[in-house]
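Below is run.cif, which holds mmCIF, C-alpha atoms.
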```cif
data_my_file
loop_
_atom_site.label_atom_id
_atom_site.label_comp_id
_atom_site.auth_asym_id
_atom_site.auth_seq_id
_atom_site.Cartn_x
_atom_site.Cartn_y
_atom_site.Cartn_z
CA MET O 20 113.10 108.47 195.21
CA ALA O 21 114.88 106.76 192.40
CA PHE O 22 118.14 104.96 193.07
CA THR O 23 120.00 107.28 190.74
CA SER O 24 118.55 110.51 192.12
CA ARG O 25 120.73 112.99 193.97
CA GLN O 26 119.87 115.90 196.21
CA SER O 27 121.99 118.86 197.08
CA LEU O 28 121.55 122.15 198.85
CA TRP O 29 123.17 125.38 197.70
CA LEU O 30 123.50 128.72 199.36
CA ALA O 31 122.62 131.76 197.27
CA LYS O 32 122.73 135.42 198.25
CA ASP O 33 119.13 135.56 199.46
CA HIS O 34 117.87 132.00 199.33
CA LEU O 35 118.59 128.31 199.73
CA LEU O 36 118.47 126.32 196.52
CA SER O 37 117.51 122.67 196.82
CA ILE O 38 118.37 120.62 193.75
CA ARG O 39 116.95 117.20 192.97
CA SER O 40 118.57 115.53 190.04
CA ASN O 41 118.07 112.22 188.27
CA ARG O 42 121.34 112.91 186.37
CA PHE O 43 119.49 114.09 183.25
CA ILE O 44 117.02 116.60 184.67
CA GLU O 45 117.51 118.92 187.61
CA GLU O 46 114.58 120.27 189.61
CA TYR O 47 115.02 123.39 191.68
CA ARG O 48 113.26 124.68 194.76
CA ARG O 49 114.12 128.01 196.27
CA PHE O 50 113.55 129.00 199.87
CA TYR O 51 114.07 132.72 200.36
CA PHE O 52 115.48 133.68 203.75
CA ARG O 53 112.74 136.27 204.26
CA ASP O 54 110.06 133.55 203.84
CA ILE O 55 111.42 130.74 206.01
CA GLN O 56 109.13 130.32 209.02
CA ALA O 57 110.59 127.24 210.65
CA ILE O 58 113.14 124.49 210.19
CA SER O 59 112.53 121.16 211.90
CA LEU O 60 114.92 118.27 212.30
CA ARG O 61 113.58 114.88 213.24
CA ARG O 62 115.80 112.04 214.38
CA THR O 63 115.41 108.86 212.34
CA PHE O 64 116.54 105.25 212.72
CA ARG O 65 118.12 105.08 209.29
CA ARG O 66 121.65 104.79 210.67
CA ALA O 67 120.64 101.97 213.01
CA ILE O 68 118.86 100.11 210.20
CA TRP O 69 121.89 100.39 207.90
CA ASN O 70 124.17 99.38 210.76
CA LEU O 71 122.10 96.26 211.30
CA ILE O 72 122.03 95.32 207.60
CA LEU O 73 125.74 96.00 207.04
CA SER O 74 126.87 94.37 210.31
CA LEU O 75 124.94 91.19 209.54
CA SER O 76 126.38 91.12 206.02
CA LEU O 77 129.87 91.65 207.40
CA LEU O 78 129.40 88.87 209.93
CA VAL O 79 128.23 86.44 207.24
CA ILE O 80 131.21 87.30 205.01
CA LEU O 81 133.64 87.03 207.94
CA ALA O 82 132.15 83.67 208.94
CA PHE O 83 132.75 82.30 205.43
CA PHE O 84 136.16 83.94 205.23
CA LEU O 85 137.43 82.53 208.53
CA SER O 86 135.82 79.11 208.17
CA GLY O 87 138.53 77.76 205.83
CA THR O 88 141.98 76.59 206.86
CA ARG O 89 143.76 79.06 204.53
CA PRO O 90 145.96 81.86 205.98
CA VAL O 91 144.13 85.13 206.65
CA LEU O 92 146.73 87.31 204.89
CA SER O 93 147.45 86.26 201.35
CA ILE O 94 147.50 88.07 198.03
CA ASN O 95 145.41 85.26 196.53
CA LEU O 96 142.51 86.22 198.79
CA TRP O 97 141.97 89.63 197.17
CA PRO O 98 138.33 88.92 196.18
CA TRP O 99 137.58 88.38 199.88
CA TYR O 100 139.31 91.65 200.81
CA VAL O 101 137.31 93.49 198.16
CA LEU O 102 134.08 91.97 199.46
CA LEU O 103 134.97 92.89 203.05
CA ALA O 104 135.83 96.44 201.98
CA LEU O 105 132.55 96.74 200.04
CA VAL O 106 130.60 96.09 203.23
CA GLY O 107 133.05 97.38 205.86
CA LEU O 108 133.66 100.82 204.37
CA PRO O 109 129.97 101.80 204.15
CA LEU O 110 129.54 100.55 207.73
CA LEU O 111 132.44 102.71 208.87
CA THR O 112 131.21 105.74 206.89
CA ASN O 113 127.68 105.31 208.21
CA ASN O 114 128.97 105.56 211.77
CA LEU O 115 131.51 108.31 211.15
CA ARG O 116 128.85 110.56 209.62
CA GLY O 117 126.81 110.45 212.83
CA PRO O 118 123.09 110.12 213.61
CA THR O 119 120.53 110.53 210.85
CA CYS O 120 117.61 112.90 210.63
CA THR O 121 115.07 114.33 208.23
CA CYS O 122 114.87 118.06 207.78
CA TYR O 123 111.72 120.00 206.96
CA ILE O 124 111.60 123.62 205.96
CA ARG O 125 108.38 125.58 206.34
CA THR O 126 107.28 128.73 204.57
CA ALA O 127 103.85 130.38 204.46
CA VAL O 128 102.74 128.16 201.58
CA GLN O 129 104.63 124.90 201.88
CA MET O 130 106.39 122.39 204.08
CA GLU O 131 109.19 120.70 202.17
CA GLU O 132 111.65 118.02 203.10
CA LEU O 133 115.31 118.78 202.42
CA PRO O 134 116.75 115.35 201.65
CA SER O 135 120.33 116.60 201.53
CA MET O 136 120.24 117.52 205.25
CA ASN O 137 120.04 113.91 206.36
CA ARG O 138 122.67 113.82 209.11
CA VAL O 139 122.32 115.65 212.42
CA ARG O 140 125.87 117.00 212.48
CA LYS O 141 125.67 118.23 208.91
CA ALA O 142 122.21 119.75 209.48
CA HIS O 143 123.43 121.63 212.55
CA ARG O 144 126.44 122.88 210.61
CA ILE O 145 124.17 124.17 207.83
CA LEU O 146 121.80 125.75 210.35
CA GLU O 147 124.73 127.54 212.01
CA ARG O 148 125.58 128.97 208.62
CA ILE O 149 122.12 130.08 207.53
CA ARG O 150 120.84 131.32 210.90
CA PRO O 151 122.61 134.71 210.61
CA LEU O 152 121.39 135.09 207.03
CA ILE O 153 117.77 134.47 208.07
CA ALA O 154 118.22 136.88 210.99
CA GLU O 155 119.59 139.46 208.58
CA ALA O 156 116.53 139.07 206.35
CA GLN O 157 113.88 138.83 209.09
CA GLY O 158 115.45 140.20 212.26
CA GLU O 159 116.14 138.40 215.53
CA LEU O 160 113.35 136.63 217.38
CA THR O 161 113.38 137.49 221.08
CA ALA O 162 111.95 135.21 223.78
CA GLU O 163 109.14 137.69 224.40
CA GLN O 164 108.23 137.85 220.70
CA LEU O 165 108.23 134.06 220.58
CA SER O 166 105.97 133.82 223.63
CA ASN O 167 103.53 136.43 222.32
CA GLY O 168 103.60 134.94 218.86
CA MET O 169 102.85 131.45 220.15
CA LYS O 170 99.91 132.77 222.19
CA GLU O 171 98.62 134.49 219.04
CA LEU O 172 98.96 131.24 217.07
CA VAL O 173 97.09 129.28 219.74
CA ARG O 174 94.33 131.90 219.76
CA ALA O 175 94.13 131.88 215.92
CA ALA O 176 93.95 128.06 215.93
CA ALA O 177 91.13 128.11 218.52
CA GLU O 178 89.21 130.71 216.48
CA ALA O 179 89.66 128.68 213.30
CA ALA O 180 88.41 125.54 215.07
CA ALA O 181 85.38 127.44 216.42
CA ALA O 182 84.62 128.78 212.93
CA ARG O 183 84.79 125.25 211.51
CA ARG O 184 82.38 124.00 214.16
CA PHE O 185 80.00 126.86 213.35
CA VAL O 186 80.06 126.18 209.63
CA THR O 187 79.60 122.42 209.96
CA SER O 188 76.72 122.53 212.47
CA PRO O 189 73.32 121.50 211.05
CA LEU O 190 71.06 124.26 209.78
CA ASN O 191 67.84 123.17 211.51
CA PRO O 192 68.47 120.53 214.15
CA SER O 193 65.29 118.68 215.06
CA MET H 9 98.94 128.22 205.92
CA ALA H 10 98.45 131.67 207.44
CA LEU H 11 99.19 131.86 211.15
CA GLU H 12 99.25 128.14 211.73
CA ARG H 13 101.08 126.48 214.59
CA VAL H 14 104.25 124.50 213.99
CA LYS H 15 103.42 120.80 214.02
CA CYS H 16 105.34 117.57 214.27
CA PRO H 17 105.98 116.56 210.64
CA ILE H 18 105.03 112.95 211.37
CA CYS H 19 102.03 112.96 213.75
CA ARG H 20 100.87 116.57 213.15
CA THR H 21 100.70 117.30 216.88
CA PRO H 22 101.24 121.04 217.54
CA VAL H 23 104.65 121.77 219.01
CA LEU H 24 104.64 123.34 222.47
CA GLU H 25 106.46 126.60 223.11
CA ARG H 26 108.96 125.02 225.48
CA ALA H 27 110.18 122.72 222.68
CA ILE H 28 110.87 125.56 220.25
CA ASN H 29 114.29 127.14 219.65
CA GLN H 30 115.98 124.87 222.21
CA TYR H 31 118.73 123.96 219.68
CA ASP H 32 118.46 120.37 220.89
CA PHE H 33 116.23 117.39 220.23
CA MET H 34 113.05 117.25 222.34
CA PRO H 35 110.40 114.49 222.40
CA CYS H 36 107.16 115.10 220.52
CA ASN H 37 104.02 115.09 222.68
CA GLY H 38 102.16 112.95 220.18
CA CYS H 39 104.58 110.36 218.81
CA SER H 40 107.55 110.69 221.21
CA GLY H 41 109.87 111.06 218.24
CA LEU H 42 112.83 113.35 218.84
CA PHE H 43 112.80 116.62 216.95
CA ASP H 44 114.43 120.00 217.02
CA VAL H 45 112.32 122.95 215.87
CA GLU H 46 113.68 126.37 215.14
CA VAL H 47 111.23 129.13 214.27
CA PHE H 48 111.86 132.54 212.76
CA PRO H 49 109.96 135.86 212.88
CA ALA H 50 108.26 135.11 209.53
CA LEU H 51 106.08 132.57 211.36
CA PHE H 52 104.31 135.34 213.26
CA ARG H 53 104.22 137.83 210.40
CA GLN H 54 100.73 138.79 209.23
CA ASN H 55 100.47 139.05 205.47
CA ALA H 56 100.22 142.69 204.45
CA PRO H 57 97.08 143.55 202.44
CA ALA H 58 97.71 143.61 198.69
CA GLN H 59 98.40 147.01 197.19
CA THR H 60 95.77 148.24 194.79
CA GLY H 61 97.56 151.18 193.24
CA GLU H 62 96.98 154.87 193.70
CA LEU H 63 94.64 156.67 191.31
CA VAL H 64 95.96 159.40 189.01
CA VAL H 65 94.74 162.68 190.48
CA VAL H 66 96.89 165.28 188.76
CA GLU H 67 96.74 165.54 184.99
CA GLY H 68 100.14 164.82 183.48
CA ASP H 69 101.12 162.25 186.10
CA SER H 70 102.60 159.10 184.60
CA SER H 71 100.06 156.32 184.55
CA CYS H 72 100.35 152.55 184.52
CA PHE H 73 100.57 150.90 181.08
CA TYR H 74 98.01 148.27 182.08
CA HIS H 75 95.78 150.50 184.24
CA PRO H 76 95.66 154.00 182.70
CA ASP H 77 93.70 155.37 185.68
CA LYS H 78 96.38 154.33 188.18
CA LYS H 79 99.56 156.17 189.05
CA ALA H 80 102.85 154.63 187.85
CA VAL H 81 105.30 153.92 190.64
CA LEU H 82 108.21 152.40 188.72
CA PRO H 83 109.21 151.05 185.30
CA CYS H 84 109.38 147.34 184.45
CA GLU H 85 113.00 146.16 184.30
CA GLY H 86 112.17 143.88 181.39
CA CYS H 87 110.28 146.12 178.96
CA GLY H 88 110.48 149.57 180.56
CA ARG H 89 106.69 150.06 180.72
CA PHE H 90 105.39 152.12 183.61
CA LEU H 91 103.70 150.06 186.31
CA CYS H 92 101.35 150.82 189.17
CA ALA H 93 101.70 149.15 192.58
CA LEU H 94 99.20 146.49 191.52
CA CYS H 95 101.19 145.42 188.45
CA ASP H 96 104.60 145.55 190.12
CA CYS H 97 105.94 142.00 190.58
CA GLU H 98 109.10 141.99 192.64
CA LEU H 99 111.51 139.13 192.21
CA ALA H 100 114.88 139.01 193.97
CA GLY H 101 115.04 142.81 194.11
CA ALA H 102 114.04 143.33 190.47
CA HIS H 103 110.66 144.68 189.35
CA PHE H 104 108.79 143.21 186.40
CA CYS H 105 105.37 143.52 184.82
CA PRO H 106 103.22 140.35 184.76
CA SER H 107 103.82 139.94 181.03
CA CYS H 108 107.64 140.02 181.34
CA LEU H 109 107.45 137.69 184.31
CA GLU H 110 105.46 135.18 182.28
CA THR H 111 107.81 135.53 179.28
CA GLY H 112 110.82 135.14 181.58
CA ARG H 113 109.34 132.01 183.08
CA THR H 114 108.39 130.33 179.81
CA LYS H 115 111.56 131.28 177.92
CA GLY H 116 113.87 130.74 180.88
CA LYS H 117 115.22 134.28 180.76
CA ILE H 118 114.81 134.91 184.49
CA LYS H 119 117.09 132.48 186.29
CA ASN H 120 115.23 132.68 189.59
CA LEU H 121 112.01 131.45 187.98
CA GLN H 122 113.50 128.33 186.46
CA ASN H 123 112.56 125.23 188.35
CA GLN H 124 113.87 122.61 185.96
CA ARG H 125 116.74 122.13 183.52
CA GLN H 126 117.80 119.38 181.15
CA LEU H 127 121.42 118.30 181.58
CA TYR H 128 122.33 117.77 177.93
CA ASP H 129 126.01 117.23 178.78
CA SER H 130 125.15 114.28 181.02
CA ILE H 131 122.79 112.84 178.40
CA ALA H 132 125.47 113.11 175.69
CA LEU H 133 128.09 111.50 177.91
CA MET H 134 125.72 108.70 178.85
CA LEU H 135 124.91 108.05 175.17
CA ALA H 136 128.60 107.81 174.37
CA VAL H 137 129.73 105.75 177.34
CA LEU H 138 126.86 103.57 178.55
CA PRO H 139 126.70 101.09 175.62
CA VAL H 140 130.47 100.49 175.92
CA VAL H 141 130.39 100.12 179.71
CA THR H 142 127.57 97.58 179.59
CA LEU H 143 129.69 95.50 177.13
CA PHE H 144 126.74 93.50 175.74
CA PHE H 145 125.19 96.51 174.03
CA TRP H 146 128.38 97.89 172.44
CA PHE H 147 126.82 97.58 168.98
CA PHE H 148 124.37 100.34 169.93
CA THR H 149 127.29 102.75 169.63
CA LEU H 150 126.67 102.68 165.87
CA LEU H 151 123.68 104.90 166.67
CA THR H 152 124.50 106.42 170.03
CA ALA H 153 128.00 107.70 169.15
CA PRO H 154 126.79 109.97 166.30
CA ALA H 155 123.84 111.00 168.49
CA ALA H 156 126.20 111.94 171.34
CA LEU H 157 128.43 113.90 168.96
CA VAL H 158 125.50 115.78 167.42
CA MET H 159 124.00 116.49 170.84
CA SER H 160 127.32 117.82 172.16
CA ILE H 161 127.65 120.19 169.20
CA VAL H 162 124.01 121.34 169.09
CA TYR H 163 123.68 121.92 172.84
CA TRP H 164 127.23 123.21 173.44
CA ASN H 165 125.91 126.66 174.33
CA ALA H 166 122.67 125.52 175.96
CA PRO H 167 122.45 126.21 179.69
CA THR H 168 123.34 123.18 181.78
CA SER H 169 123.06 123.04 185.55
CA ILE H 170 122.06 126.23 187.36
CA VAL H 171 125.05 125.77 189.65
CA HIS H 172 128.56 126.04 188.28
CA ARG H 173 129.42 123.24 185.89
CA THR H 174 132.20 122.94 183.32
CA LYS H 175 131.98 121.63 179.74
CA ILE H 176 134.04 118.56 180.62
CA ARG H 177 131.13 116.16 180.06
CA PHE H 178 130.55 117.53 176.54
CA VAL H 179 134.28 117.24 175.81
CA LEU H 180 134.47 113.66 177.09
CA ALA H 181 131.30 112.74 175.19
CA MET H 182 132.79 114.13 171.98
CA ILE H 183 136.09 112.33 172.46
CA CYS H 184 134.35 109.01 173.19
CA ALA H 185 131.94 109.49 170.27
CA VAL H 186 134.76 110.29 167.82
CA ILE H 187 136.73 107.22 168.96
CA GLU H 188 133.66 105.00 168.59
CA ILE H 189 132.80 106.41 165.16
CA GLY H 190 136.44 105.92 164.15
CA ALA H 191 136.35 102.32 165.37
CA TRP H 192 133.16 101.65 163.40
CA GLY H 193 134.74 103.26 160.33
CA ALA H 194 137.82 101.10 160.68
CA LEU H 195 135.67 97.97 161.12
CA PHE H 196 133.60 98.74 157.99
CA TYR H 197 136.74 99.55 156.00
CA PHE H 198 138.29 96.25 157.11
CA LEU H 199 135.16 94.26 156.22
CA ILE H 200 134.77 95.94 152.81
CA SER H 201 138.43 95.62 151.90
CA ARG H 202 138.38 91.97 152.99
CA GLY H 203 135.24 91.32 150.93
CA ARG H 204 136.86 92.80 147.82
CA GLY H 205 140.13 90.94 148.38
#
```
File written out as structure tokens:
Amino acid sequence: MAFTSRQSLWLAKDHLLSIRSNRFIEEYRRFYFRDIQAISLRRTFRRAIWNLILSLSLLVILAFFLSGTRPVLSINLWPWYVLLALVGLPLLTNNLRGPTCTCYIRTAVQMEELPSMNRVRKAHRILERIRPLIAEAQGELTAEQLSNGMKELVRAAAEAAAARRFVTSPLNPS
Amino acid sequence: MALERVKCPICRTPVLERAINQYDFMPCNGCSGLFDVEVFPALFRQNAPAQTGELVVVEGDSSCFYHPDKKAVLPCEGCGRFLCALCDCELAGAHFCPSCLETGRTKGKIKNLQNQRQLYDSIALMLAVLPVVTLFFWFFTLLTAPAALVMSIVYWNAPTSIVHRTKIRFVLAMICAVIEIGAWGALFYFLISRGRG
């Protein structure tokens, strides 16, 4: 992912449009509501890592800033204030935006990451919004359907594994 | 990926039923990472067998343009040719023949098939502004300013982003380019008039 790249997610009438842009070229991926099989969110440590980096930087800057005998509030110290803001504001924003996650969307033919859904709160907000649209396109999934469906998937997986074993067994074992 | 279980995206361990649709983060059995999986009915949907098209049985029935022995079910919304069930390609509620679909994809006529676009407005703006912003490369504006102006005029009507976007970047690029060209003109005029004097 290039430094200048941007990702965004857009809601269309019957699909989600994921846009990846490097500012000169935009790439589009569409996920139709009728085709979405699953959406997974996975918690990541990205917020903690950024907190560590930014906190250490802030501490170093504060140590240098407070080490002198000059007064803390002075208009002449504006470069220090700018430096503190450059580190402090991202640290504040990183915490205000909440825990981080990665989001994966699965259809019958692909499993794609949605980089724009990178915060848990935001991802849940988006899911709240698209859940009724998916239900409208596919219908509601009851607990019984889920249970039966999962059993069917387990059975299909076992059959596929058995078929693989059959195909890969030696023709004439001696 | 027909009828395949939902797996942890990191360790590929199949997700257990009790961890699905809980609307909360649950630990993965394989890697212990926290994840929240929501599944939808499409996961359990078996793919319907492909339609092959019904044969023409009564003389005088409309037949498919591409398969004369097959019964037409609808016309293509691109070219109007009659299509059988086999040739019918549905896209966002519209029905096209394979030929129109291919033309729409290559020529960018069908918006839903486009998966990439050039942002000429951003390129023009960058050409006009970047050499000035970087300070050291301001002399490149001798080339980039006319290029930005030409690009803004040539691609004024070209499609930009697929999502709503105004022409403001083109306008700003043109304004910057005209100012830069004017500045170069003034500099050359000054140098020439000074050389003569």
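If all atoms listed in the file are the atoms counted, then among O:Asn41, O:Ser166, O:Asn95, O:Thr121 the closest residue to Thr63 (chain O) is O:Thr121.
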Please evaluate the PyMOL selection byres ((chain H) within 9 of (chain O)) against the structure above and give the resulting residues as an MDAnalysis selection string. chainID H and resid 9:14 16:18 24:25 28 31 33 41:53 100 120 122:131 169:171
At what distance in Å, to one decimal, does CA of Thr23 (chain O) lie from CA of Ile80 (chain O)?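 Computing it gives 27.0 Å between the two atoms.
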Do you have the CA of Arg20 (chain H)-CA of Pro35 (chain H) distance handy?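 Computed distance, CA of Arg20 (chain H) to CA of Pro35 (chain H), equals 13.4 Å.
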Report as a list in words the residues that result from applying the PyMOL selection byres ((chain O and resi 100-104) around 12) to the structure here.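 That selection, the PyMOL selection byres ((chain O and resi 100-104) around 12), comes back as Leu73, Ser74, Ser76, Leu77, Leu78, Val79, Ile80, Leu81, Ala82, Phe83, Phe84, Leu85, Val91, Leu92, Ser93, Ile94, Asn95, Leu96, Trp97, Pro98, Trp99, Leu105, Val106, Gly107, Leu108, Pro109, Leu110, Leu111 and Thr112 of chain O.
With CA of Asp96 (chain H) on one side and CA of Pro151 (chain O) on the other, the separation reads 29.4 Å.
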Set the distance at 7 Å and use all atoms listed in the file: which residues neighbour Leu133 (chain H) once local chain neighbours fewer than 4 positions away are removed? I'd like the list as a ChimeraX atom specification. /H:129,137,156,177-178,180-181
